[in-house]
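Asks: The structure follows.
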Amino acid sequence: MTEKISPQLIFEKSGAQKQAWLLPPSSVPVQSFTELTALNLLRKEVLNFPEVTESDVVRHYTNLSTRNHGVDSGFYPLGSCTMKYNPKFNEDLVKIPSFSEIHPLAPPEQSQGSLRIFKDLEQYLAEITGMDHMTLQPAAGAHGELTALLIIQAYFRDKGETNRTKILVPTSAHGTNPASAAMAGFEIITVTCNSNGLVDLEHLQNLVNQDVAALMLTNPNTLGSFEREITTIEKLVHSCGALLYYDGANLNAIMGLVRPGDMGFDLVHLNLHKTFATPHGSGGPGAGPVGVKSFLNQFLPVPVLTETEQLLSWNYDRPKSIGKISGFYGNFAVLLKALSYIKALGGPGLTQASRDAILNANYLRIRLQEYYEIAAPDTCMHEFVLKAKLPNHIRAIDVAKRLLDFGIHPPTIYFPLIVPEAMMIEPTETENRFTLDSFVARMIQIYTEAAESPEILSTAPQNTPVARVDETEAARSPRLRWSPVQD
Amino acid sequence: MTEKISPQLIFEKSGAQKQAWLLPPSSVPVQSFTELTALNLLRKEVLNFPEVTESDVVRHYTNLSTRNHGVDSGFYPLGSCTMKYNPKFNEDLVKIPSFSEIHPLAPPEQSQGSLRIFKDLEQYLAEITGMDHMTLQPAAGAHGELTALLIIQAYFRDKGETNRTKILVPTSAHGTNPASAAMAGFEIITVTCNSNGLVDLEHLQNLVNQDVAALMLTNPNTLGSFEREITTIEKLVHSCGALLYYDGANLNAIMGLVRPGDMGFDLVHLNLHKTFATPHGSGGPGAGPVGVKSFLNQFLPVPVLTETEQLLSWNYDRPKSIGKISGFYGNFAVLLKALSYIKALGGPGLTQASRDAILNANYLRIRLQEYYEIAAPDTCMHEFVLKAKLPNHIRAIDVAKRLLDFGIHPPTIYFPLIVPEAMMIEPTETENRFTLDSFVARMIQIYTEAAESPEILSTAPQNTPVARVDETEAARSPRLRWSPVQD
Amino acid sequence: MNHPYLALNDDERREMLNKIGLNQIDELFTHIPEAVRLQRPLNLPESMTEMELKNYFHLQAGGNNVAGLSFLGAGAYHHYIPAVIEHLAGRSEFYTAYTPYQPELSQGALQAIFEYQTYISELFGLPVANASLYDGSTALAEAIIIAVRETKKQRVLIPAALNPFTERVIRTYTQNLGIQLVALPETDTAQIDPEKLTLELKAGTAAAVVIQSPNFFGILENLPLVIPIIKKYDAVPICSVHPLTLGLLESPGRQGAEIVVGEGQPLGIPLSYGGPYLGLMAVAERFMRKIPGRLVGETTDKNGKRAFVLTLQTREQHIRREKATSNICSNQALCALRAAIYCSLMGPQGLRDIARRMYNNAHYLFAKLREIGLEPMYNSPFFMEFAMKTPQPADYYLKKLLSKGILAGYDLSRAHPYMQNSLLICATEVFAREQLDAFAVEMRCVL
Amino acid sequence: MNHPYLALNDDERREMLNKIGLNQIDELFTHIPEAVRLQRPLNLPESMTEMELKNYFHLQAGGNNVAGLSFLGAGAYHHYIPAVIEHLAGRSEFYTAYTPYQPELSQGALQAIFEYQTYISELFGLPVANASLYDGSTALAEAIIIAVRETKKQRVLIPAALNPFTERVIRTYTQNLGIQLVALPETDTAQIDPEKLTLELKAGTAAAVVIQSPNFFGILENLPLVIPIIKKYDAVPICSVHPLTLGLLESPGRQGAEIVVGEGQPLGIPLSYGGPYLGLMAVAERFMRKIPGRLVGETTDKNGKRAFVLTLQTREQHIRREKATSNICSNQALCALRAAIYCSLMGPQGLRDIARRMYNNAHYLFAKLREIGLEPMYNSPFFMEFAMKTPQPADYYLKKLLSKGILAGYDLSRAHPYMQNSLLICATEVFAREQLDAFAVEMRCVL
Ligand SMILES: Cc1ncc(COP(=O)(O)O)c(C=O)c1O
Ligand SMILES: Cc1ncc(COP(=O)(O)O)c(C=O)c1O
């Protein structure tokens, strides 16, 4: 509530010989460590872990939590992140012991419950995206991208088209796109965009050729614009034999309205931790399922599900598969939450969610455009970007920091890279009009402050546990762990 | 974290036709309400409840929680309240479905698990208090007192001593003592105390006679002092045929050191929500078991447990019982937590808890006595009282409000009533030395501020969600519920 | 000794003793007379670690057997508890706090209770609701005491169909206060008979009349008929209700009741074998300073900002001692918080839907059971609970159905020994049609 | 449409549209080409209310059957999870937050991750730990990529006894990067043979050597012997470990490993059928700017107060795009928080106790199983997991024991088809002696 503790580390609260947890006594006779000693494998110094009580641990992390802002704390219109409400039922769901305590290598007869979750979710996501097959194995969006790009590699290798070494990525794309393509062994070719972040068709036309394996497209793009020329693009890409990849992290804009599969995309990844309401957990875990059209099915990661005589099981016998992308089958508990979310809303509910996400974004866009320049002034989908260039050299960073003072998490700033002083605003469908109106009021207030009392903005935030943080210092002399004071 | 919301009520966040929860559809044919209509029983106006979404509810109460301070938030040395750490395991324990979903009237064959909890806890509490029999039915300390006092009534009625209409209560006693005695139909006679809050023996001697039913004693008393003359008192009371009652809310001071039963007490109540680490829940639920010596057994509330052929069951056939004191058997979930706590610590652990509680209190007492006058300057038990009379008219209330600024919940103030500007400090055994030392430092700082900058104290708190609250206004024109604005 | 729940270790203990000039902890106990000191260790089982406790208590929990389908009510009810409640009431700022005596650091709990008071006031149709009492039964006892104190009369009429557990509690509470509880005669309808009521009231000596509706047999009392009679004779009409029926039924306050109480367990509180539950109470304006327990009021802080605070404390024991309106101190605040969250989640529509569903389910089941040949004990209007006559003693059917995972209801002979062949059956909103049908089918098999 | 998860109702939608000058929501979709618009409703099951979801998923959960006693490991482990972890990681400020890009409003998560980095750095004996990777397998893949980039060599030696799931993952990750994974030959001891290792290293073309210890068969590699050989030939020693063994074992960093990775699931993370888990990684100073994923650094705010912030972000994809050290963006932050809380609860003593208990339990069970006639596959030192030869195919025993509620281990033929009669058995700290004895007894019955 108030700032109760100075930010002491748990290591600095240590008192010798305390224990927050005890192992029960055991009547197993003590076994000899001679082997370990002989091999010189035993730890020589005591671990420098803190020694504290249960209450110390509880207070420490409780207090840390009060120095953090989540969706449950307030508005969080972070663009490209889809900070929608995370239903509480789903948090309980994954704690049902038969779900939380089941070992991934338990025999299939013992894990039909889990396998059914996979099966259903695959089917529903395929329907939502218009794809034929899904893998739920990737642990996050970028991981899904990598999976998809490895599938593309495998596909062309299988076809003998080893010349296809290039991936086209629009400048407005998320950083994971080029990074994933690089990890999959591709060369990245950048496609320029117009001011709406839409693909420069002419440029694209010049780039597509026999070296190109795929175009990675985010649609709606990171400026919130829908790629109107998607049919033209689709033809362009496919006509040269390349594949079309859909970055579906932002699927929240289109559920029930339009499907990547119907637009001609061959592969898609989704961020369940965005569109499907699983919590972000301060940066993960997420889940990044990948959907493909039939002709790519054989390349999906192993294992895939097979169903025989009422028994679901994992099938590893897939010679053309790219292999495994995770240690087991993916972030099961996250998948379970997403499935529950889909079942809670049903088809009409998901469609309504997207419609509301679009309405909320356009509502904010239009209400703010009197004060702020909108990067792509057309109708937007679930998010939009404004240029936070204000009088007196007030910049996006200042606006963001000032919003913190109002308990509002600022929008994404300085992304996409193609917009100067970008502020990317995504309200989501789980915010009501009252919240949107308050946000507009704050943004107008900031606009006024920029002209009249810019020092309020340049010295913001004032109401947060710490003031503006020195990132340069952090990078110049990195301190990446606590060390005991030596003296 | 920061103060995000103005204190809007959930009613003020209502938007028509929203729902945070939906009932599933049903295929049960709709039944007619004609009966209800005919009898004119149907509600005429729509309930003025808010219409909000799940997210609205979650944010609302999450934000309210950040405007509250609990033991998990920081130091909470509230005297007479034993704000010790509440183990997290116990919170999970009561959610085991077989415990949380069992109906109180389920047949005994279906509820042996619950019955065993009662049985074990009764036995352990009897051992800890030195009593012969326990009832776990009372829901709180005051409820336990009432139960005990009704037992005293029943006992004397049974003996035909209907003249015993008076209960002796020392001036230092908790307000529930006289109030409970009144609810049990007794007349209250006040026993004066010396400056240590100890019973004035001479006065007591003058008061004990054939009209007296019992003396209610808190030992250690609310000044934290142990009644040294307990043996004398016991003789005095018993010699006139009256009973000796022990207010065991503060049992935390004496576990394993001394037992009410051994001191000659005939009845005792306990506050499990203090000594036995069950959470206070912002003011309840608690549990206030009562222990009695054998000769009072037959008066205990119904039902009592009986065990036959491996089957535990409730026995209502107790003609001399005072009857029922709760709708069912007591606050089962609270009892379960207390049992778990006892099992976690065992005998030596409970004893150590009391020893540490005493050490912590005396440590604070001695460290503070240079600056503050201690009401009872002798060795204290688990708590002590100081007089917060400081220069420049700074009073206990100011000290308390200033502590809020440091994220410390202030001690109990203005209780016991016999000490002017009382501040009753009870650190408990779950606070470590670092916390105690920080508290001492803050109290010394306040002492200095009182002399040097008293306005800091008189205008405190500054760091809390609201400033000093106007209690007079609240009482003068009570607004006890929200009302829709009429215009 | 080191233990996860204890803050100090031996070194610290020693250092702290030194710092305050002592050598041994025992020096702190010298003022406890040797004669009464415990000279042996407590005789308790060995301490258990968390892992052991978990095993132990799961084993114990196995001794309970929660029926898959339960039609048991009789004062505690199976209702659905939305997931949100535990998430919010489980926030440690709420559950590890004490009574909000320091308002500046307790606005969260205070505001939540203020909202709770509003909900109960709204639901019951009376202006003043308190911050909670122990449970529905003690709430009724306290209500009776208010009425007796206010009217300075000692006679209180209670209905024959009062919940028998509640009746035992109010008898316990009132036994030494000179209060005379007079049971109204039983009737064929299991309802209060207005004529017999009038007879009892005529003398003008009654302080209050208690009405429970739905009553113990699930039957609705005719409040519009009965309350005016009570008022006519200057007695206080006290109503005891099941809060969720009020999604559909008119609030007793609007029908003239001056004190309304109820068991709040249905409002998002788990059954937990009988507790903790929640005593609901709302009163008419004239009883505002007579109401027991805590009250939260709205006020301002010294900057004029809205704030909440415990108020009218001069009614309470810590100030008024033996002259307090009640001895209650700790109440059931966390349960009240749950109830507030429950009401927030439900809204007017949710409460209405649940009430209708209960009514529907119960009446559907009632019809089904009649179809298979069971006869009702009474022919009066009921809400979600009803009593049926059984050919054999009820216990026989209970046992038979339990073996199928169905807890068929409450054997009325447990409360009223002469009601040997009678089963009290409750159908709340939790049932789907198939489950009601299944009950009827299984019942037919054993008839 | 009204739904508890949707914020708007029809009125609001209409008003908002009006406010922004529109009549119909469809006007907002006109820029979506008609040709690609979905012209039918999504073909999904009907929406379910929370009550229905609860019933539905409990039913589904019933399709899983968690064995009462499970000796299954092979990469995911049964460990006790203290109650505190869920209470704290379940605080919504943590779990509903995004990546802490705005440090002023995210100090809680940032500090917790900083502490997590400290724990992993300390445990692994290397100065720089990142904020987490997806799981232990992808962490190893990333480690290999670091080493290859740093050394500019392409050959990476991997042990024969590497976890086969992990091996598949690193093969997938490296398949298009020109990296050559060379499996070291199998040996009778299931350990890396120093001579064969030397042979493979001699040419000096190896970028790195991977060591897993305990390896897939539970066997400890001789790090003090092997690591110096690797270093001698300028390859990067990469170790993959089970973090809880390090309560007892020397940290690989202190033994010379330059990159240490591991599966963090044992640190307070539920098994959850395979995820989410936690990829642990720590590296030597020289790899600080090569490490993938996020890093939290300590710094100050503009008033000089201690603060934490994401740092060295120029390694990351959102800034460096295709030149980033990795594509990872979202990681497993909440799992890292759990691990930090786990380490805080355990302290040095707790970790040591657990490691010893695992060692003790496994060696005791091993001896018991030998007594009843089972033979080990290898005679090398192991920690808490070991492989036994079975007279019949392992599957036979697995099935038999499952019917007694015992999951006897991992049938090695699932990973290595030629290991038909071999069972991999794991005994962590969760077992009491009686349970180990019970396993041996039941096993004897079916031998
Ligand atoms: C458009 C887009 N693509 C990809 C990603 C990467 O997803 P993840 O962070 O789950 O790896 C994101 C996440 O921010 C995104 O917004
Ligand atoms: C000494 C003493 N007696 C009795 C009580 C009353 O207990 P409860 O609040 O549980 O009714 C208290 C609680 O504050 C107390 O401290």
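Following the order of the structure tokens, first chain is A, next is B, and so on, with residues numbered from 1 inside each chain and ligands from 1 in the order they appear.
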What are the DSSP alpha helix (DSSP H) residues of range 42-220 of chain D, as a PyMOL selection string?

Replies: chain D and resi 50-61+83-89+92-95+107-124+136-151+164-174+194-201

Asks: Ligand 1: which residues are within 6 Å, counting only C-alpha atoms and all ligand atoms? Reply as a VMD selection string.

Replies: (chain A and resid 80 to 81 140 to 142 174 176 247 249 to 250 271 286) or (chain D and resid 328 to 330)

Asks: Pull out every residue of chain B sitting within 10 Å of chain D, counting only C-alpha atoms, and send them as a list in words.

Replies: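 The answer, sorted by residue number, is Met1, Thr2, Gly15, Ala16, Gln17, Lys18, Gln19, Ala20, Trp21, Leu22, Leu23, Pro24, Pro25, Val52, Thr53, Glu54, Ser55, Asp56, Val58, Thr62, Pro87, Lys88, Phe89, Asn90, Glu91, Asp92 and Leu93 of chain B.
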
Asks: Please, what distance in Å, to one decimal, runs between CA of Leu198 in chain A and CA of Arg164 in chain A?

Replies: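 It comes out at 24.3 Å.
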
Asks: Determine, counting only C-alpha atoms, which protein, DNA and RNA residues have an atom within 12 Å of an atom of range 184-190 of chain D; residues of the same chain fewer than 4 positions away are not included. Present the result as a count of residues only.

Replies: 39

Asks: At a cut-off of 8 Å, list the chain A residues touching chain B, using only C-alpha atoms, as number ranges by chain.

Replies: A: 1-5, 54-55, 58-59, 62-63, 66-69, 72-74, 85, 87, 405-408, 430, 463-465

Asks: Hey, can you spit out that residue selection with C-alpha atoms as a CSV table (one decimal), in the first residue's frame?

Replies:
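Result file selection.csv:
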chain,number,residue,atom,x,y,z
A,1,MET,CA,0.0,0.0,0.0
A,2,THR,CA,2.4,2.6,1.1
A,3,GLU,CA,6.0,2.0,0.3
A,4,LYS,CA,6.8,-0.2,3.2
A,5,ILE,CA,10.2,-1.5,2.5
A,54,GLU,CA,8.4,-18.7,6.0
A,55,SER,CA,7.0,-15.3,7.2
A,58,VAL,CA,5.9,-14.3,2.4
A,59,ARG,CA,6.4,-10.7,3.4
A,62,THR,CA,4.0,-9.9,-1.0
A,63,ASN,CA,5.7,-6.6,-0.8
A,66,THR,CA,2.8,-4.4,-4.4
A,67,ARG,CA,5.5,-2.8,-6.4
A,68,ASN,CA,4.1,-4.3,-9.6
A,69,HIS,CA,1.2,-3.5,-11.9
A,72,ASP,CA,-5.9,-6.8,-12.3
A,73,SER,CA,-4.4,-3.5,-11.0
A,74,GLY,CA,-5.7,-1.3,-13.8
A,85,TYR,CA,-8.6,-9.8,-18.5
A,87,PRO,CA,-10.5,-15.3,-16.1
A,405,ASP,CA,1.4,8.6,-12.1
A,406,PHE,CA,-2.2,7.9,-12.9
A,407,GLY,CA,-1.9,4.1,-12.3
A,408,ILE,CA,-2.2,3.5,-16.0
A,430,THR,CA,-12.2,-6.3,-21.6
A,463,ASN,CA,3.8,8.4,-7.6
A,464,THR,CA,5.7,5.2,-8.3
A,465,PRO,CA,7.9,3.2,-6.0

Asks: Give me, as number ranges by chain, all polymer residues having an atom no more than 9 Å from range 347-360 of chain B, counting only C-alpha atoms and skipping those fewer than 4 positions away in the same chain.

Replies: B: 128, 251-257, 342-343, 364-365, 380-383, 426-433, 436; C: 1-3, 5-8, 13, 16-17, 25-26, 28-29, 41-47

Asks: With C-alpha atoms retained, write the just-selected residues as a tab-separated table (two decimals), in the first residue's frame.

Replies:
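New file again_21.tsv:
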chain	number	residue	atom	x	y	z
B	128	ILE	CA	-2.47	-27.14	26.52
B	251	LEU	CA	-2.67	-17.78	25.71
B	252	ASN	CA	0.26	-17.07	23.45
B	253	ALA	CA	2.19	-15.99	26.53
B	254	ILE	CA	2.02	-19.21	28.42
B	255	MET	CA	1.92	-22.28	26.22
B	256	GLY	CA	4.00	-25.00	27.79
B	257	LEU	CA	4.98	-22.71	30.65
B	342	ILE	CA	-0.54	-27.33	16.70
B	343	LYS	CA	0.61	-30.33	14.75
B	364	LEU	CA	11.01	-4.04	22.95
B	365	ARG	CA	10.00	-2.98	26.43
B	380	CYS	CA	6.21	-8.48	30.98
B	381	MET	CA	4.84	-11.53	29.30
B	382	HIS	CA	3.92	-11.38	25.60
B	383	GLU	CA	2.99	-7.70	25.55
B	426	GLU	CA	2.58	-7.17	21.24
B	427	PRO	CA	5.25	-8.18	18.77
B	428	THR	CA	4.65	-11.98	18.80
B	429	GLU	CA	7.20	-14.68	18.18
B	430	THR	CA	6.97	-14.46	14.42
B	431	GLU	CA	8.83	-11.16	14.22
B	432	ASN	CA	12.57	-11.23	13.92
B	433	ARG	CA	15.12	-9.01	15.51
B	436	LEU	CA	11.98	-5.18	16.21
C	1	MET	CA	15.20	-24.43	18.19
C	2	ASN	CA	14.55	-23.54	14.56
C	3	HIS	CA	11.14	-23.75	13.02
C	5	TYR	CA	7.04	-20.49	11.82
C	6	LEU	CA	9.37	-19.01	14.44
C	7	ALA	CA	11.33	-15.88	13.68
C	8	LEU	CA	14.30	-16.25	15.99
C	13	ARG	CA	17.84	-15.19	21.19
C	16	MET	CA	18.78	-10.16	22.27
C	17	LEU	CA	18.97	-11.34	25.85
C	25	ILE	CA	15.53	-16.57	29.03
C	26	ASP	CA	14.38	-18.08	32.31
C	28	LEU	CA	11.95	-13.55	32.16
C	29	PHE	CA	9.76	-16.15	33.82
C	41	PRO	CA	6.70	-31.00	28.37
C	42	LEU	CA	3.24	-30.70	26.84
C	43	ASN	CA	1.85	-34.08	25.95
C	44	LEU	CA	1.18	-33.47	22.28
C	45	PRO	CA	2.04	-35.42	19.15
C	46	GLU	CA	5.42	-34.79	17.55
C	47	SER	CA	5.70	-31.79	15.29

Asks: When DSSP works through the backbone of this structure, what residues of range 209-316 of chain A end up as strand (DSSP E or B), shown as an MDAnalysis selection string?

Replies: chainID A and resid 212:217 243:248 258 267:270 290:292 304:308 311:315

Asks: Residues at most 7 Å from Lys387 in chain B, counting only C-alpha atoms, excluding those fewer than 3 positions away in the same chain, as a ChimeraX atom specification?

Replies: /B:372-375,420-423

Asks: Which one is closest to ligand 2: C:Ala208, C:Leu69, C:Val241, C:Ala333? Count only C-alpha atoms and all ligand atoms.

Replies: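 The shortest atom-to-atom distance to ligand 2 comes from C:Ala333.
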
Asks: Pick the closest to chain D from C:Gln420, C:Ser403, C:Gln102, C:Asn55: which is it, counting only C-alpha atoms?

Replies: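 Counting only C-alpha atoms, the residue closest to chain D is C:Asn55.
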
Asks: Using only C-alpha atoms, which residues sit within 10 Å of Asn421 in chain D once same-chain residues fewer than 4 positions away are excluded, as a list of chain:residue names?

Replies: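 The residues that qualify are D:Met377, D:Met388, D:Lys389, D:Thr390, D:Pro391, D:Gln392, D:Pro393, D:Ala394, D:Asp395, D:Tyr396, D:Tyr397, D:Asp411, D:Leu412, D:Ser413, D:Pro417.
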
Asks: Might you pull out every residue within 7 Å of Gly248 in chain A, with only C-alpha atoms counted and same-chain residues fewer than 5 positions away left off, and present them as a PDB file with all heavy atoms, in the first residue's frame?

Replies:
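Output (result_36.pdb):
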ATOM      1  N   THR A 218       2.178  -9.810 -40.702  1.00  0.00           N
ATOM      2  CA  THR A 218       1.343  -9.612 -39.526  1.00  0.00           C
ATOM      3  C   THR A 218       0.119  -8.847 -39.997  1.00  0.00           C
ATOM      4  O   THR A 218       0.259  -7.749 -40.514  1.00  0.00           O
ATOM      5  CB  THR A 218       2.116  -8.805 -38.457  1.00  0.00           C
ATOM      6  OG1 THR A 218       3.387  -9.410 -38.275  1.00  0.00           O
ATOM      7  CG2 THR A 218       1.378  -8.766 -37.149  1.00  0.00           C
ATOM      8  N   VAL A 268       0.604 -20.400 -39.716  1.00  0.00           N
ATOM      9  CA  VAL A 268       0.252 -19.325 -38.789  1.00  0.00           C
ATOM     10  C   VAL A 268       0.725 -19.723 -37.395  1.00  0.00           C
ATOM     11  O   VAL A 268       0.756 -20.906 -37.053  1.00  0.00           O
ATOM     12  CB  VAL A 268      -1.280 -19.085 -38.787  1.00  0.00           C
ATOM     13  CG1 VAL A 268      -2.051 -20.363 -38.525  1.00  0.00           C
ATOM     14  CG2 VAL A 268      -1.681 -18.039 -37.758  1.00  0.00           C
ATOM     15  N   HIS A 269       1.159 -18.739 -36.638  1.00  0.00           N
ATOM     16  CA  HIS A 269       1.347 -19.022 -35.207  1.00  0.00           C
ATOM     17  C   HIS A 269       0.424 -18.107 -34.424  1.00  0.00           C
ATOM     18  O   HIS A 269       0.066 -17.023 -34.890  1.00  0.00           O
ATOM     19  CB  HIS A 269       2.804 -18.835 -34.762  1.00  0.00           C
ATOM     20  CG  HIS A 269       3.117 -17.458 -34.258  1.00  0.00           C
ATOM     21  ND1 HIS A 269       3.700 -16.479 -35.033  1.00  0.00           N
ATOM     22  CD2 HIS A 269       2.925 -16.893 -33.032  1.00  0.00           C
ATOM     23  CE1 HIS A 269       3.835 -15.369 -34.320  1.00  0.00           C
ATOM     24  NE2 HIS A 269       3.372 -15.588 -33.107  1.00  0.00           N
ATOM     25  N   LEU A 270       0.065 -18.571 -33.246  1.00  0.00           N
ATOM     26  CA  LEU A 270      -0.817 -17.805 -32.368  1.00  0.00           C
ATOM     27  C   LEU A 270      -0.121 -17.563 -31.034  1.00  0.00           C
ATOM     28  O   LEU A 270       0.712 -18.355 -30.618  1.00  0.00           O
ATOM     29  CB  LEU A 270      -2.098 -18.596 -32.089  1.00  0.00           C
ATOM     30  CG  LEU A 270      -2.903 -19.041 -33.303  1.00  0.00           C
ATOM     31  CD1 LEU A 270      -4.069 -19.908 -32.842  1.00  0.00           C
ATOM     32  CD2 LEU A 270      -3.386 -17.835 -34.071  1.00  0.00           C
ATOM     33  N   ASN A 271      -0.497 -16.500 -30.388  1.00  0.00           N
ATOM     34  CA  ASN A 271      -0.063 -16.298 -29.005  1.00  0.00           C
ATOM     35  C   ASN A 271      -1.261 -16.522 -28.097  1.00  0.00           C
ATOM     36  O   ASN A 271      -2.105 -15.646 -27.959  1.00  0.00           O
ATOM     37  CB  ASN A 271       0.456 -14.867 -28.819  1.00  0.00           C
ATOM     38  CG  ASN A 271       1.888 -14.707 -29.258  1.00  0.00           C
ATOM     39  OD1 ASN A 271       2.399 -15.510 -30.045  1.00  0.00           O
ATOM     40  ND2 ASN A 271       2.558 -13.688 -28.748  1.00  0.00           N
TER      41      ASN A 271
END

Asks: Using only C-alpha atoms, find the one residue out of D:Ala355, D:Leu267, D:Tyr80, D:Glu285 that sits nearest to chain C.

Replies: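 Nearest candidate to chain C out of D:Ala355, D:Leu267, D:Tyr80, D:Glu285: D:Tyr80.
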
Asks: Would you work out the distance separating CA of Lys323 in chain D from CA of Glu142 in chain D, expressed in Å to one decimal?

Replies: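 CA of Lys323 in chain D sits 14.6 Å away from CA of Glu142 in chain D.
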
Asks: Go through C:Ser422, C:Gln349, C:Asn18, C:Thr314 one by one, measure the shortest atom-to-atom distance of each to chain D using only C-alpha atoms, and give the residue with the smallest value.

Replies: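 Selected residue with least distance to chain D: C:Gln349.
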
Asks: If you take only C-alpha atoms and all ligand atoms and a cut-off of 12 Å, which residues of chain C touch ligand 2, and what are their nearest atom pairs and distances in Å to one decimal, in chain and number order, as a Markdown table?

Replies:
| residue | atom | partner | partner_atom_place_in_ligand_line | distance |
| --- | --- | --- | --- | --- |
| C:Tyr98 | CA | ligand 2 | 14 (O) | 9.6 |
| C:Thr99 | CA | ligand 2 | 9 (O) | 9.0 |
| C:Tyr101 | CA | ligand 2 | 14 (O) | 11.6 |
| C:Leu133 | CA | ligand 2 | 11 (O) | 10.9 |
| C:Tyr134 | CA | ligand 2 | 11 (O) | 10.1 |
| C:Gly293 | CA | ligand 2 | 11 (O) | 10.6 |
| C:Arg294 | CA | ligand 2 | 9 (O) | 11.5 |
| C:Glu316 | CA | ligand 2 | 9 (O) | 11.7 |
| C:Gln317 | CA | ligand 2 | 6 (C) | 9.6 |
| C:His318 | CA | ligand 2 | 14 (O) | 9.0 |
| C:Arg321 | CA | ligand 2 | 4 (C) | 11.8 |
| C:Ser326 | CA | ligand 2 | 11 (O) | 10.9 |
| C:Asn327 | CA | ligand 2 | 11 (O) | 7.7 |
| C:Ile328 | CA | ligand 2 | 11 (O) | 5.9 |
| C:Cys329 | CA | ligand 2 | 9 (O) | 4.2 |
| C:Ser330 | CA | ligand 2 | 9 (O) | 3.6 |
| C:Asn331 | CA | ligand 2 | 9 (O) | 7.2 |
| C:Gln332 | CA | ligand 2 | 10 (O) | 10.0 |
| C:Ala333 | CA | ligand 2 | 9 (O) | 11.4 |
